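Chemist: First, the structure itself, so that you have it in front of you.
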Protein chains: 2
Amino acid sequence: MATTELAITISDAEWRVMRIVWTLGQADSRTIIELLEQQHDWKAPTIKTLIGRLVKKGALGTTKNGRQFIYTPLIAEQAAMDGALLNELDQMCAMHRGTALVHVMEQTELSKTDIQSLIDCLAQKLPTAPDMVDCDCLPDGCEGSCEP
Amino acid sequence: MATTELAITISDAEWRVMRIVWTLGQADSRTIIELLEQQHDWKAPTIKTLIGRLVKKGALGTTKNGRQFIYTPLIAEQAAMDGALLNELDQMCAMHRGTALVHVMEQTELSKTDIQSLIDCLAQKLPTAPDMVDCDCLPDGCEGSCEP
DNA sequence: CAATTAAGATTACATTTGTAAACGAAGGGA
DNA sequence: TCCCTTCGTTTACAAATGTAATCTTAATTG
């Protein structure tokens, strides 16, 4: 491919802005600022800065509406969520990822439908799953001696 | 409680150092530097800086061993992993977390044991799970109108 | 038409992070 | 004892991030 697709990174604060726009589908700055001023004690200029950075990053698109802009998401919420979580998980020890996911599950509220999807997904993986996933914290042949 | 326990944050680069020390249980800087120089093209001083920052943050402890130090983890790997993932997930829309976890599952290699633990955990949650988890992206009473 | 308001753009500044060079002290070998 | 290798410490510097004031311009209002 020609253009090297480097993933957009969204910072924590910027994530708050994206959530508003994702949820509303589109929004002008007035709306975004009003909603975020309620949730955080951010000043309007702070939020304007975040919006500006997101536009520059290509996470938000703009449409002129008279004097102002209407902002729309240029990246999908679910894809951004999946990517952020996978990134985080991928930088951790492969051997311990499963346990981490168990702990995350335990502490996350899930709908019946979500739970069913997860169970289905897991049931499908089970037959071909390895007995153990090796630690990948050390280079090449160094055995990760991660015993207790 | 007296001391307000503010969680230690470990950056991506620092995470690499922690993984070495977690896996080995303890290590001197020589060992850490040698291992990391293989995995990344980091210079020794870079790795020294990272080690220094982790000590200052309280993530690594030191024991004097002659002229040099032996570094040991002061925080548990699994707890750090769990916390980092939960933090990430918690800043995302509650309604979409389940789907994100499905996608993460699909793309993560898990052992049979892990899968079984996850299924057990999910089966246990199922009876009391809600039919739906509401979107929490907008303040207070604003209904998250997240329909397709 | 003048004064005010609101929207976006520019500038600001401290902290964290990635990445590394330079420096100083302590041991080891000649 | 003197130099060189190591180790840890100090300093460096750009980019990203959190947080915000100021400025410019265009529209609203009297």
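By order of appearance in the structure tokens: chains A, B, ..., then residues from 1 within every chain, and ligands from 1 in the order shown.
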Which chain A residues are at most 10 Å from chain C (counting only C-alpha atoms (C1' of nucleotides)), as an mmCIF file with N, CA, C and O atoms, in the first residue's frame?
Modeler:
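Output (part_17.cif):
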data_model
loop_
_atom_site.group_PDB
_atom_site.id
_atom_site.type_symbol
_atom_site.label_atom_id
_atom_site.label_comp_id
_atom_site.auth_asym_id
_atom_site.auth_seq_id
_atom_site.Cartn_x
_atom_site.Cartn_y
_atom_site.Cartn_z
ATOM 1 N N SER A 29 -19.676 22.515 18.537
ATOM 2 C CA SER A 29 -18.799 22.704 19.693
ATOM 3 C C SER A 29 -19.587 23.139 20.924
ATOM 4 O O SER A 29 -19.277 22.724 22.047
ATOM 5 N N ARG A 30 -20.598 23.941 20.704
ATOM 6 C CA ARG A 30 -21.448 24.389 21.803
ATOM 7 C C ARG A 30 -21.969 23.185 22.611
ATOM 8 O O ARG A 30 -21.849 23.117 23.816
ATOM 9 N N LYS A 48 -12.159 23.170 23.607
ATOM 10 C CA LYS A 48 -11.876 23.597 22.230
ATOM 11 C C LYS A 48 -10.533 23.036 21.764
ATOM 12 O O LYS A 48 -10.388 22.600 20.617
ATOM 13 N N THR A 49 -9.561 23.066 22.658
ATOM 14 C CA THR A 49 -8.240 22.528 22.288
ATOM 15 C C THR A 49 -8.346 21.056 21.941
ATOM 16 O O THR A 49 -7.784 20.594 20.943
ATOM 17 N N GLY A 52 -9.921 20.582 18.633
ATOM 18 C CA GLY A 52 -8.967 20.940 17.586
ATOM 19 C C GLY A 52 -7.948 19.842 17.342
ATOM 20 O O GLY A 52 -7.646 19.504 16.195
ATOM 21 N N ARG A 67 -21.804 29.930 10.612
ATOM 22 C CA ARG A 67 -20.558 30.415 11.229
ATOM 23 C C ARG A 67 -19.784 29.295 11.915
ATOM 24 O O ARG A 67 -18.612 29.418 12.179
ATOM 25 N N GLN A 68 -20.444 28.214 12.251
ATOM 26 C CA GLN A 68 -19.750 27.202 13.046
ATOM 27 C C GLN A 68 -19.608 25.868 12.339
ATOM 28 O O GLN A 68 -20.013 25.703 11.201
ATOM 29 N N PHE A 69 -18.996 24.929 13.056
ATOM 30 C CA PHE A 69 -18.741 23.616 12.493
ATOM 31 C C PHE A 69 -19.633 22.568 13.137
ATOM 32 O O PHE A 69 -20.016 22.692 14.303
#
Chemist: Kindly assemble as a tab-separated table a list of the chain D residues that lie within 10 Å of chain B, each paired with its nearest atom pair and their distance in Å to one decimal, using only C-alpha atoms (C1' of nucleotides), sorted first by chain and then by ascending residue number.
Modeler:
residue	atom	partner	partner_atom	distance
D:DT6	C1'	B:Gln68	CA	9.2
D:DC7	C1'	B:Gln68	CA	6.3
D:DG8	C1'	B:Gln68	CA	8.0
D:DT9	C1'	B:Gly52	CA	9.1
Chemist: List as a VMD selection string the protein and nucleic acid residues near Ala94 (chain A), meaning an atom at most 10 Å away when only C-alpha atoms (C1' of nucleotides) are counted, but skip any in the same chain fewer than 6 places from it.
Modeler: (chain A and resid 133 to 137) or (chain B and resid 108 to 110)
Chemist: Keeping only all heavy atoms, write the selected residues to a file as a compact mmCIF listing (two decimals), in the first residue's frame.
Modeler:
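Output below, filename again.txt:
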# COMPACT_ATOMS: atom_id res chain seq x y z
N VAL A 133 -0.07 -21.06 27.15
CA VAL A 133 0.49 -19.99 26.32
C VAL A 133 1.81 -19.58 26.96
O VAL A 133 1.85 -19.28 28.15
CB VAL A 133 -0.46 -18.79 26.24
CG1 VAL A 133 0.17 -17.66 25.44
CG2 VAL A 133 -1.78 -19.20 25.63
N ASP A 134 2.87 -19.60 26.19
CA ASP A 134 4.18 -19.30 26.77
C ASP A 134 4.38 -17.82 27.06
O ASP A 134 3.85 -16.97 26.35
CB ASP A 134 5.29 -19.77 25.82
CG ASP A 134 5.37 -21.28 25.78
OD1 ASP A 134 5.14 -21.90 26.83
OD2 ASP A 134 5.66 -21.83 24.70
N CYS A 135 5.16 -17.59 28.07
CA CYS A 135 5.60 -16.23 28.40
C CYS A 135 6.45 -15.71 27.26
O CYS A 135 7.28 -16.44 26.71
CB CYS A 135 6.40 -16.28 29.70
SG CYS A 135 7.31 -14.78 30.08
N ASP A 136 6.24 -14.45 26.88
CA ASP A 136 7.04 -13.88 25.80
C ASP A 136 7.73 -12.60 26.26
O ASP A 136 7.88 -11.65 25.51
CB ASP A 136 6.15 -13.60 24.59
CG ASP A 136 5.02 -12.63 24.91
OD1 ASP A 136 4.79 -12.36 26.11
OD2 ASP A 136 4.37 -12.14 23.98
N CYS A 137 8.14 -12.61 27.49
CA CYS A 137 8.75 -11.40 28.06
C CYS A 137 10.24 -11.30 27.80
O CYS A 137 10.81 -10.22 27.85
CB CYS A 137 8.49 -11.35 29.57
SG CYS A 137 6.75 -11.16 29.97
N THR B 108 -7.15 -12.95 20.81
CA THR B 108 -6.14 -13.26 21.81
C THR B 108 -6.00 -14.77 21.98
O THR B 108 -6.99 -15.48 22.09
CB THR B 108 -6.52 -12.62 23.16
OG1 THR B 108 -6.64 -11.20 22.99
CG2 THR B 108 -5.47 -12.91 24.22
N GLU B 109 -4.76 -15.21 22.00
CA GLU B 109 -4.52 -16.64 22.19
C GLU B 109 -4.70 -16.97 23.67
O GLU B 109 -4.09 -16.33 24.53
CB GLU B 109 -3.11 -17.02 21.75
CG GLU B 109 -2.89 -18.52 21.81
CD GLU B 109 -1.54 -18.93 21.23
OE1 GLU B 109 -0.56 -18.18 21.42
OE2 GLU B 109 -1.47 -20.00 20.60
N LEU B 110 -5.54 -17.94 23.95
CA LEU B 110 -5.83 -18.31 25.33
C LEU B 110 -5.63 -19.81 25.51
O LEU B 110 -5.89 -20.59 24.60
CB LEU B 110 -7.29 -17.95 25.66
CG LEU B 110 -7.65 -16.47 25.56
CD1 LEU B 110 -9.16 -16.28 25.60
CD2 LEU B 110 -6.97 -15.70 26.69
Chemist: For chain A against chain B, which residues fall within 7 Å using only C-alpha atoms, given as a PyMOL selection string?
Modeler: chain A and resi 19-20+23+35+38-39+78+81-82+85-86+88+98-100+102-104+106+110-112+114-115+117-119+121-122+126+129-133+137-139+144-146
Chemist: List every residue of region 13-112 of chain B that DSSP, applied to the backbone of this structure, assigns to strand (DSSP E or B), and report them as an NGL selection string.
Modeler: :B and (27-28 or 60-65 or 68-73)
Chemist: Rounded to one decimal place, report the CA of Gln26 (chain B)-CA of Ala59 (chain B) distance in Å.
Modeler: 12.5 Å
Chemist: Report the residues of region 24-113 of chain B whose backbone DSSP state falls under helix (DSSP H, G or I), written as JSON, numbers by chain.
Modeler: {"B": [24, 29, 30, 31, 32, 33, 34, 35, 36, 37, 38, 39, 44, 45, 46, 47, 48, 49, 50, 51, 52, 53, 54, 55, 56, 57, 77, 78, 79, 80, 81, 82, 83, 84, 85, 86, 87, 88, 89, 90, 94, 95, 96, 97, 98, 99, 100, 101, 102, 103, 104, 105, 106, 112, 113]}
Chemist: Can you tell me, as an NGL selection string, what residues are no more than 9 Å from Ile70 (chain A) when counting only C-alpha atoms (C1' of nucleotides), ignoring any on the same chain fewer than 3 positions away?
Modeler: :A and (26-29 or 61-65)
Chemist: Write to file, as a CSV table (one decimal), in the first residue's frame, the residues of the selection just made, with all heavy atoms.
Modeler:
chain,number,residue,atom,x,y,z
A,26,GLN,N,-23.3,13.3,15.8
A,26,GLN,CA,-22.6,14.6,15.3
A,26,GLN,C,-22.9,15.6,16.4
A,26,GLN,O,-23.9,15.5,17.2
A,26,GLN,CB,-23.1,15.0,14.0
A,26,GLN,CG,-24.6,15.3,14.0
A,26,GLN,CD,-25.1,15.9,12.7
A,26,GLN,OE1,-25.0,15.3,11.6
A,26,GLN,NE2,-25.7,17.1,12.7
A,27,ALA,N,-22.1,16.7,16.4
A,27,ALA,CA,-22.4,17.7,17.4
A,27,ALA,C,-21.6,19.0,17.0
A,27,ALA,O,-20.5,18.9,16.4
A,27,ALA,CB,-22.0,17.2,18.8
A,28,ASP,N,-22.1,20.1,17.4
A,28,ASP,CA,-21.4,21.3,17.3
A,28,ASP,C,-20.6,21.6,18.6
A,28,ASP,O,-20.8,20.9,19.6
A,28,ASP,CB,-22.3,22.5,16.9
A,28,ASP,CG,-23.4,22.7,17.9
A,28,ASP,OD1,-23.2,22.4,19.1
A,28,ASP,OD2,-24.5,23.2,17.6
A,29,SER,N,-19.7,22.5,18.5
A,29,SER,CA,-18.8,22.7,19.7
A,29,SER,C,-19.6,23.1,20.9
A,29,SER,O,-19.3,22.7,22.0
A,29,SER,CB,-17.7,23.7,19.4
A,29,SER,OG,-18.3,25.0,19.2
A,61,GLY,N,-14.3,14.8,11.8
A,61,GLY,CA,-14.4,15.6,10.6
A,61,GLY,C,-15.3,16.8,10.8
A,61,GLY,O,-16.0,16.9,11.8
A,62,THR,N,-15.2,17.8,10.0
A,62,THR,CA,-16.0,19.0,10.2
A,62,THR,C,-16.8,19.3,8.9
A,62,THR,O,-16.4,19.0,7.8
A,62,THR,CB,-15.1,20.2,10.4
A,62,THR,OG1,-14.2,20.3,9.3
A,62,THR,CG2,-14.2,20.1,11.6
A,63,THR,N,-18.0,19.9,9.2
A,63,THR,CA,-18.9,20.4,8.1
A,63,THR,C,-19.3,21.8,8.5
A,63,THR,O,-19.7,22.0,9.7
A,63,THR,CB,-20.1,19.5,8.0
A,63,THR,OG1,-19.8,18.1,8.0
A,63,THR,CG2,-20.9,19.8,6.8
A,64,LYS,N,-19.1,22.7,7.6
A,64,LYS,CA,-19.4,24.1,8.0
A,64,LYS,C,-20.9,24.2,8.0
A,64,LYS,O,-21.6,23.7,7.2
A,64,LYS,CB,-18.9,25.0,6.9
A,64,LYS,CG,-18.8,26.4,7.3
A,64,LYS,CD,-17.3,26.9,7.5
A,64,LYS,CE,-17.2,28.1,8.3
A,64,LYS,NZ,-15.8,28.4,8.8
A,65,ASN,N,-21.4,24.9,9.1
A,65,ASN,CA,-22.8,25.1,9.3
A,65,ASN,C,-23.0,26.6,9.6
A,65,ASN,O,-22.9,26.9,10.8
A,65,ASN,CB,-23.4,24.2,10.3
A,65,ASN,CG,-24.8,24.5,10.6
A,65,ASN,OD1,-25.2,24.8,11.7
A,65,ASN,ND2,-25.7,24.5,9.6
